[in-house]
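Undergrad: What follows is the file start-v4.pdb, containing PDB, C-alpha atoms:
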ATOM      1  CA  MET P   1      79.252  98.686 104.033  1.00  0.00           C
ATOM      2  CA  LYS P   2      75.891  96.986 104.075  1.00  0.00           C
ATOM      3  CA  LEU P   3      74.929  94.272 106.563  1.00  0.00           C
ATOM      4  CA  VAL P   4      72.160  91.850 105.706  1.00  0.00           C
ATOM      5  CA  ALA P   5      70.583  89.502 108.262  1.00  0.00           C
ATOM      6  CA  LEU P   6      70.571  85.956 106.874  1.00  0.00           C
ATOM      7  CA  ALA P   7      68.789  83.969 109.544  1.00  0.00           C
ATOM      8  CA  MET P   8      67.359  84.424 112.976  1.00  0.00           C
ATOM      9  CA  MET P   9      67.306  81.300 115.092  1.00  0.00           C
ATOM     10  CA  GLY P  10      66.662  81.224 118.841  1.00  0.00           C
ATOM     11  CA  GLY P  11      68.079  84.692 119.480  1.00  0.00           C
ATOM     12  CA  LEU P  12      71.174  84.101 117.313  1.00  0.00           C
ATOM     13  CA  SER P  13      71.503  85.802 113.994  1.00  0.00           C
ATOM     14  CA  ALA P  14      73.953  85.563 111.149  1.00  0.00           C
ATOM     15  CA  LEU P  15      75.033  88.682 109.280  1.00  0.00           C
ATOM     16  CA  LEU P  16      76.448  88.959 105.802  1.00  0.00           C
ATOM     17  CA  CYS P  17      78.712  91.865 104.943  1.00  0.00           C
ATOM     18  CA  LEU P  18      78.197  93.318 101.498  1.00  0.00           C
ATOM     19  CA  CYS P  19      81.119  95.688 101.211  1.00  0.00           C
ATOM     20  CA  GLY P  20      81.966  95.276  97.537  1.00  0.00           C
ATOM     21  CA  CYS P  21      85.434  93.883  98.112  1.00  0.00           C
ATOM     22  CA  LYS P  22      86.725  91.313  95.647  1.00  0.00           C
ATOM     23  CA  LYS P  23      88.107  88.879  98.213  1.00  0.00           C
ATOM     24  CA  LYS P  24      87.199  85.235  97.792  1.00  0.00           C
ATOM     25  CA  SER P  25      86.634  83.062 100.790  1.00  0.00           C
ATOM     26  CA  PRO P  26      89.153  80.241 101.198  1.00  0.00           C
ATOM     27  CA  ASP P  27      86.440  77.567 101.147  1.00  0.00           C
ATOM     28  CA  THR P  28      85.340  78.331  97.555  1.00  0.00           C
ATOM     29  CA  GLY P  29      88.178  76.338  96.069  1.00  0.00           C
ATOM     30  CA  THR P  30      89.687  79.215  94.122  1.00  0.00           C
ATOM     31  CA  PRO P  31      93.452  79.495  94.362  1.00  0.00           C
ATOM     32  CA  ALA P  32      94.894  82.402  96.320  1.00  0.00           C
ATOM     33  CA  VAL P  33      96.586  85.122  94.311  1.00  0.00           C
ATOM     34  CA  ASP P  34     100.352  85.397  94.807  1.00  0.00           C
ATOM     35  CA  ASN P  35     101.236  89.070  95.180  1.00  0.00           C
ATOM     36  CA  THR P  36     104.990  88.523  95.549  1.00  0.00           C
ATOM     37  CA  ALA P  37     105.533  89.139  91.843  1.00  0.00           C
ATOM     38  CA  ALA P  38     103.785  92.505  92.135  1.00  0.00           C
ATOM     39  CA  ALA P  39     105.827  93.418  95.209  1.00  0.00           C
ATOM     40  CA  ASN P  40     109.090  92.340  93.593  1.00  0.00           C
ATOM     41  CA  PRO P  41     109.091  93.393  89.935  1.00  0.00           C
ATOM     42  CA  SER P  42     112.619  92.067  89.359  1.00  0.00           C
ATOM     43  CA  GLY P  43     111.147  88.582  88.930  1.00  0.00           C
ATOM     44  CA  ASP P  44     114.111  86.802  90.523  1.00  0.00           C
ATOM     45  CA  GLY P  45     111.864  85.233  93.157  1.00  0.00           C
ATOM     46  CA  SER P  46     113.701  86.751  96.097  1.00  0.00           C
ATOM     47  CA  LYS P  47     111.864  88.519  98.844  1.00  0.00           C
ATOM     48  CA  PRO P  48     111.516  92.310  98.641  1.00  0.00           C
ATOM     49  CA  SER P  49     114.222  94.262 100.439  1.00  0.00           C
ATOM     50  CA  ALA P  50     113.579  95.478 103.969  1.00  0.00           C
ATOM     51  CA  PRO P  51     112.842  99.161 104.521  1.00  0.00           C
ATOM     52  CA  ALA P  52     115.757 101.420 105.370  1.00  0.00           C
ATOM     53  CA  PRO P  53     116.406 101.785 109.087  1.00  0.00           C
ATOM     54  CA  SER P  54     115.237 104.976 110.760  1.00  0.00           C
ATOM     55  CA  ALA P  55     117.373 107.450 112.674  1.00  0.00           C
ATOM     56  CA  PRO P  56     120.122 105.878 114.779  1.00  0.00           C
ATOM     57  CA  GLY P  57     119.701 105.554 118.507  1.00  0.00           C
ATOM     58  CA  PRO P  58     116.619 105.394 120.664  1.00  0.00           C
ATOM     59  CA  VAL P  59     113.801 107.841 120.054  1.00  0.00           C
ATOM     60  CA  ALA P  60     111.256 108.954 122.645  1.00  0.00           C
ATOM     61  CA  THR P  61     107.846 107.363 122.119  1.00  0.00           C
ATOM     62  CA  ALA P  62     104.444 107.864 123.670  1.00  0.00           C
ATOM     63  CA  PRO P  63     103.892 105.617 126.692  1.00  0.00           C
ATOM     64  CA  TYR P  64     100.744 103.984 125.318  1.00  0.00           C
ATOM     65  CA  ASN P  65     101.550 104.180 121.599  1.00  0.00           C
ATOM     66  CA  PRO P  66     105.146 103.253 120.744  1.00  0.00           C
ATOM     67  CA  LYS P  67     104.633 104.266 117.108  1.00  0.00           C
ATOM     68  CA  LEU P  68     103.978 107.885 118.129  1.00  0.00           C
ATOM     69  CA  LYS P  69     107.255 109.798 118.086  1.00  0.00           C
ATOM     70  CA  PRO P  70     108.072 113.492 118.521  1.00  0.00           C
ATOM     71  CA  PRO P  71     108.053 115.549 115.318  1.00  0.00           C
ATOM     72  CA  PRO P  72     111.349 116.300 113.580  1.00  0.00           C
ATOM     73  CA  PRO P  73     113.154 119.515 114.541  1.00  0.00           C
ATOM     74  CA  GLY P  74     111.883 122.628 112.813  1.00  0.00           C
ATOM     75  CA  PRO P  75     113.658 125.783 111.682  1.00  0.00           C
ATOM     76  CA  PRO P  76     115.011 128.413 114.077  1.00  0.00           C
ATOM     77  CA  VAL P  77     112.628 131.142 115.266  1.00  0.00           C
ATOM     78  CA  VAL P  78     113.482 134.835 114.899  1.00  0.00           C
ATOM     79  CA  ILE P  79     111.821 137.175 117.416  1.00  0.00           C
ATOM     80  CA  ASN P  80     112.773 140.836 117.931  1.00  0.00           C
ATOM     81  CA  GLY P  81     115.920 140.309 115.854  1.00  0.00           C
ATOM     82  CA  VAL P  82     117.121 137.426 118.045  1.00  0.00           C
ATOM     83  CA  THR P  83     117.457 133.964 116.498  1.00  0.00           C
ATOM     84  CA  ILE P  84     116.244 131.244 118.844  1.00  0.00           C
ATOM     85  CA  ASN P  85     117.631 127.843 117.871  1.00  0.00           C
ATOM     86  CA  VAL P  86     114.737 125.725 119.089  1.00  0.00           C
ATOM     87  CA  GLN P  87     115.864 122.837 116.886  1.00  0.00           C
ATOM     88  CA  ASN P  88     118.911 122.343 119.146  1.00  0.00           C
ATOM     89  CA  ALA P  89     116.649 121.572 122.097  1.00  0.00           C
ATOM     90  CA  GLU P  90     114.377 119.404 119.927  1.00  0.00           C
ATOM     91  CA  ARG P  91     117.325 117.360 118.653  1.00  0.00           C
ATOM     92  CA  ALA P  92     118.797 117.023 122.136  1.00  0.00           C
ATOM     93  CA  LEU P  93     115.528 115.762 123.618  1.00  0.00           C
ATOM     94  CA  ALA P  94     114.935 113.178 120.884  1.00  0.00           C
ATOM     95  CA  THR P  95     116.276 110.494 123.228  1.00  0.00           C
ATOM     96  CA  ALA P  96     114.715 111.896 126.418  1.00  0.00           C
ATOM     97  CA  SER P  97     111.452 110.690 127.888  1.00  0.00           C
ATOM     98  CA  TRP P  98     108.089 111.373 126.290  1.00  0.00           C
ATOM     99  CA  ASP P  99     107.138 113.687 129.164  1.00  0.00           C
ATOM    100  CA  ALA P 100     110.140 115.928 128.465  1.00  0.00           C
ATOM    101  CA  ASN P 101     109.146 116.088 124.799  1.00  0.00           C
ATOM    102  CA  VAL P 102     105.567 116.996 125.719  1.00  0.00           C
ATOM    103  CA  ALA P 103     106.871 119.855 127.878  1.00  0.00           C
ATOM    104  CA  LEU P 104     108.966 121.036 124.941  1.00  0.00           C
ATOM    105  CA  GLY P 105     106.083 120.598 122.483  1.00  0.00           C
ATOM    106  CA  ASP P 106     104.344 123.843 123.415  1.00  0.00           C
ATOM    107  CA  LEU P 107     107.536 125.880 123.110  1.00  0.00           C
ATOM    108  CA  ARG P 108     107.057 126.866 119.460  1.00  0.00           C
ATOM    109  CA  THR P 109     103.444 127.889 120.091  1.00  0.00           C
ATOM    110  CA  ALA P 110     104.479 130.054 123.025  1.00  0.00           C
ATOM    111  CA  LEU P 111     107.196 131.669 120.906  1.00  0.00           C
ATOM    112  CA  ARG P 112     104.786 132.283 118.035  1.00  0.00           C
ATOM    113  CA  TYR P 113     102.629 134.376 120.372  1.00  0.00           C
ATOM    114  CA  GLU P 114     105.715 135.887 122.056  1.00  0.00           C
ATOM    115  CA  ASP P 115     104.685 134.429 125.399  1.00  0.00           C
ATOM    116  CA  PHE P 116     108.176 134.253 126.863  1.00  0.00           C
ATOM    117  CA  ARG P 117     107.055 133.364 130.387  1.00  0.00           C
ATOM    118  CA  THR P 118     105.251 130.236 129.160  1.00  0.00           C
ATOM    119  CA  ALA P 119     108.163 129.348 126.861  1.00  0.00           C
ATOM    120  CA  LEU P 120     110.647 129.524 129.745  1.00  0.00           C
ATOM    121  CA  GLY P 121     108.268 127.512 131.955  1.00  0.00           C
ATOM    122  CA  ASN P 122     108.071 124.776 129.324  1.00  0.00           C
ATOM    123  CA  LEU P 123     111.873 124.660 129.038  1.00  0.00           C
ATOM    124  CA  GLN P 124     112.279 124.515 132.828  1.00  0.00           C
ATOM    125  CA  LYS P 125     109.749 121.696 133.042  1.00  0.00           C
ATOM    126  CA  ALA P 126     111.614 119.766 130.333  1.00  0.00           C
ATOM    127  CA  ALA P 127     114.952 120.381 132.083  1.00  0.00           C
ATOM    128  CA  SER P 128     113.591 119.141 135.426  1.00  0.00           C
ATOM    129  CA  ASP P 129     112.627 115.748 133.955  1.00  0.00           C
ATOM    130  CA  PRO P 130     114.798 113.002 135.513  1.00  0.00           C
ATOM    131  CA  SER P 131     115.518 111.384 132.129  1.00  0.00           C
ATOM    132  CA  VAL P 132     117.312 114.503 130.823  1.00  0.00           C
ATOM    133  CA  ASN P 133     121.110 114.226 130.976  1.00  0.00           C
ATOM    134  CA  GLU P 134     123.676 117.044 131.305  1.00  0.00           C
ATOM    135  CA  ASP P 135     124.213 117.563 127.553  1.00  0.00           C
ATOM    136  CA  GLN P 136     120.473 117.889 127.047  1.00  0.00           C
ATOM    137  CA  LYS P 137     120.236 120.332 129.960  1.00  0.00           C
ATOM    138  CA  ASN P 138     123.018 122.426 128.393  1.00  0.00           C
ATOM    139  CA  ALA P 139     121.090 122.591 125.099  1.00  0.00           C
ATOM    140  CA  LEU P 140     117.948 123.636 126.975  1.00  0.00           C
ATOM    141  CA  ALA P 141     119.911 126.281 128.924  1.00  0.00           C
ATOM    142  CA  GLN P 142     121.254 127.712 125.651  1.00  0.00           C
ATOM    143  CA  VAL P 143     117.714 128.041 124.277  1.00  0.00           C
ATOM    144  CA  MET P 144     116.603 129.626 127.570  1.00  0.00           C
ATOM    145  CA  GLN P 145     119.338 132.260 127.220  1.00  0.00           C
ATOM    146  CA  GLU P 146     118.224 133.033 123.643  1.00  0.00           C
ATOM    147  CA  ILE P 147     114.607 133.416 124.800  1.00  0.00           C
ATOM    148  CA  LYS P 148     115.707 135.762 127.611  1.00  0.00           C
ATOM    149  CA  GLN P 149     117.593 137.865 125.039  1.00  0.00           C
ATOM    150  CA  ALA P 150     114.486 138.038 122.823  1.00  0.00           C
ATOM    151  CA  ALA P 151     112.363 139.035 125.828  1.00  0.00           C
ATOM    152  CA  ALA P 152     114.838 141.803 126.746  1.00  0.00           C
ATOM    153  CA  ALA P 153     114.790 143.124 123.157  1.00  0.00           C
ATOM    154  CA  GLN P 154     110.985 143.383 123.179  1.00  0.00           C
ATOM    155  CA  ARG P 155     109.553 146.908 123.065  1.00  0.00           C
ATOM    156  CA  ARG P 156     107.704 147.985 126.156  1.00  0.00           C
TER     157      ARG P 156
END
Translate the structure described by the file into structure tokens.
TA:
Amino acid sequence: MKLVALAMMGGLSALLCLCGCKKKSPDTGTPAVDNTAAANPSGDGSKPSAPAPSAPGPVATAPYNPKLKPPPPGPPVVINGVTINVQNAERALATASWDANVALGDLRTALRYEDFRTALGNLQKAASDPSVNEDQKNALAQVMQEIKQAAAAQRR
């Protein structure tokens, strides 16, 4: 983008943007281009269909950015021959608060490095959130039990 100063009068200046875009200003008298035909190739003149709705039910969002949602559940993690179904906790907390999801967010990283103490701390922090209901706490408790089994199976 290139800015060019057009005039300088009494401390005020006008700038012209030379960005190379092909937009015409509305005061030039040229008609606006109708892009509805390009968006709707059927040519029947109706409006394009609305996008498909997302997952049913409420989804936790970031407090200051409602478009930021938790990532989808990933695959189960296998450590020391024990399968840890982390996706159960991730699915259960999809409707919990953002803070509970943030506490659960570091769980996979802790499991990747086999840091079971941090993983259990993250699950306990997520379970102590006031927005977590009993079903969600049961899912978190199940994952905690699987992590404890993996920690017990670890070689010393």
Undergrad: Compile the contact shell of Gly121 (chain P) as an NGL selection string: residues with an atom at most 10 Å away, counting only C-alpha atoms, same-chain residues fewer than 5 positions apart removed.
TA: :P and (103-104 or 107 or 116 or 126-127 or 144)
Undergrad: Give me a file of those residues, with C-alpha atoms, as a PDB file, keeping the file's coordinate frame.
TA:
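Once written, out-v8.pdb looks like this:
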ATOM      1  CA  ALA P 103     106.871 119.855 127.878  1.00  0.00           C
ATOM      2  CA  LEU P 104     108.966 121.036 124.941  1.00  0.00           C
ATOM      3  CA  LEU P 107     107.536 125.880 123.110  1.00  0.00           C
ATOM      4  CA  PHE P 116     108.176 134.253 126.863  1.00  0.00           C
ATOM      5  CA  ALA P 126     111.614 119.766 130.333  1.00  0.00           C
ATOM      6  CA  ALA P 127     114.952 120.381 132.083  1.00  0.00           C
ATOM      7  CA  MET P 144     116.603 129.626 127.570  1.00  0.00           C
TER       8      MET P 144
END
Undergrad: For region 149-154 of chain P, list every protein, DNA or RNA residue within 7 Å, evaluated using only C-alpha atoms, and leave out those in the same chain fewer than 6 positions away; present the list as JSON, numbers by chain.
TA: {"P": [79, 80, 82, 116]}
Undergrad: Can you work out the spacing between CA of Asn138 (chain P) and CA of Ala62 (chain P) in Å, to one decimal?
TA: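 We find that CA of Asn138 (chain P) and CA of Ala62 (chain P) lie 24.1 Å from each other.
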Undergrad: Could you tell me how far CA of Ile84 (chain P) lies from CA of Pro130 (chain P), in Å and to one decimal?
TA: 24.8 Å
Undergrad: Please provide as a list in words all residues within 9 Å of Leu111 (chain P), with the sequence filter that same-chain residues fewer than 5 positions apart are discarded (counting all atoms listed in the file).
TA: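 Final neighbour list, sorted by chain and number: Val77, Ile79, Asp106, Phe116, Thr118, Ala119 and Ile147 of chain P.
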Undergrad: Deliver the residues from the most recent selection as a file, using C-alpha atoms, as a PDB file, keeping the file's coordinate frame.
TA:
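Listed below is the output, result-v8.pdb:
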ATOM      1  CA  VAL P  77     112.628 131.142 115.266  1.00  0.00           C
ATOM      2  CA  ILE P  79     111.821 137.175 117.416  1.00  0.00           C
ATOM      3  CA  ASP P 106     104.344 123.843 123.415  1.00  0.00           C
ATOM      4  CA  PHE P 116     108.176 134.253 126.863  1.00  0.00           C
ATOM      5  CA  THR P 118     105.251 130.236 129.160  1.00  0.00           C
ATOM      6  CA  ALA P 119     108.163 129.348 126.861  1.00  0.00           C
ATOM      7  CA  ILE P 147     114.607 133.416 124.800  1.00  0.00           C
TER       8      ILE P 147
END
Undergrad: Residues picked by the PyMOL selection byres ((chain P and resi 67-75) around 12) here, as JSON, numbers by chain?
TA: {"P": [54, 55, 58, 59, 60, 61, 62, 63, 64, 65, 66, 76, 77, 78, 83, 84, 85, 86, 87, 88, 89, 90, 91, 92, 93, 94, 95, 96, 97, 98, 99, 100, 101, 102, 103, 104, 105, 107, 108]}
Undergrad: Have a look at CA of Asn122 (chain P) and CA of Thr109 (chain P) and let me know their distance in Å, one decimal.
TA: 10.8 Å
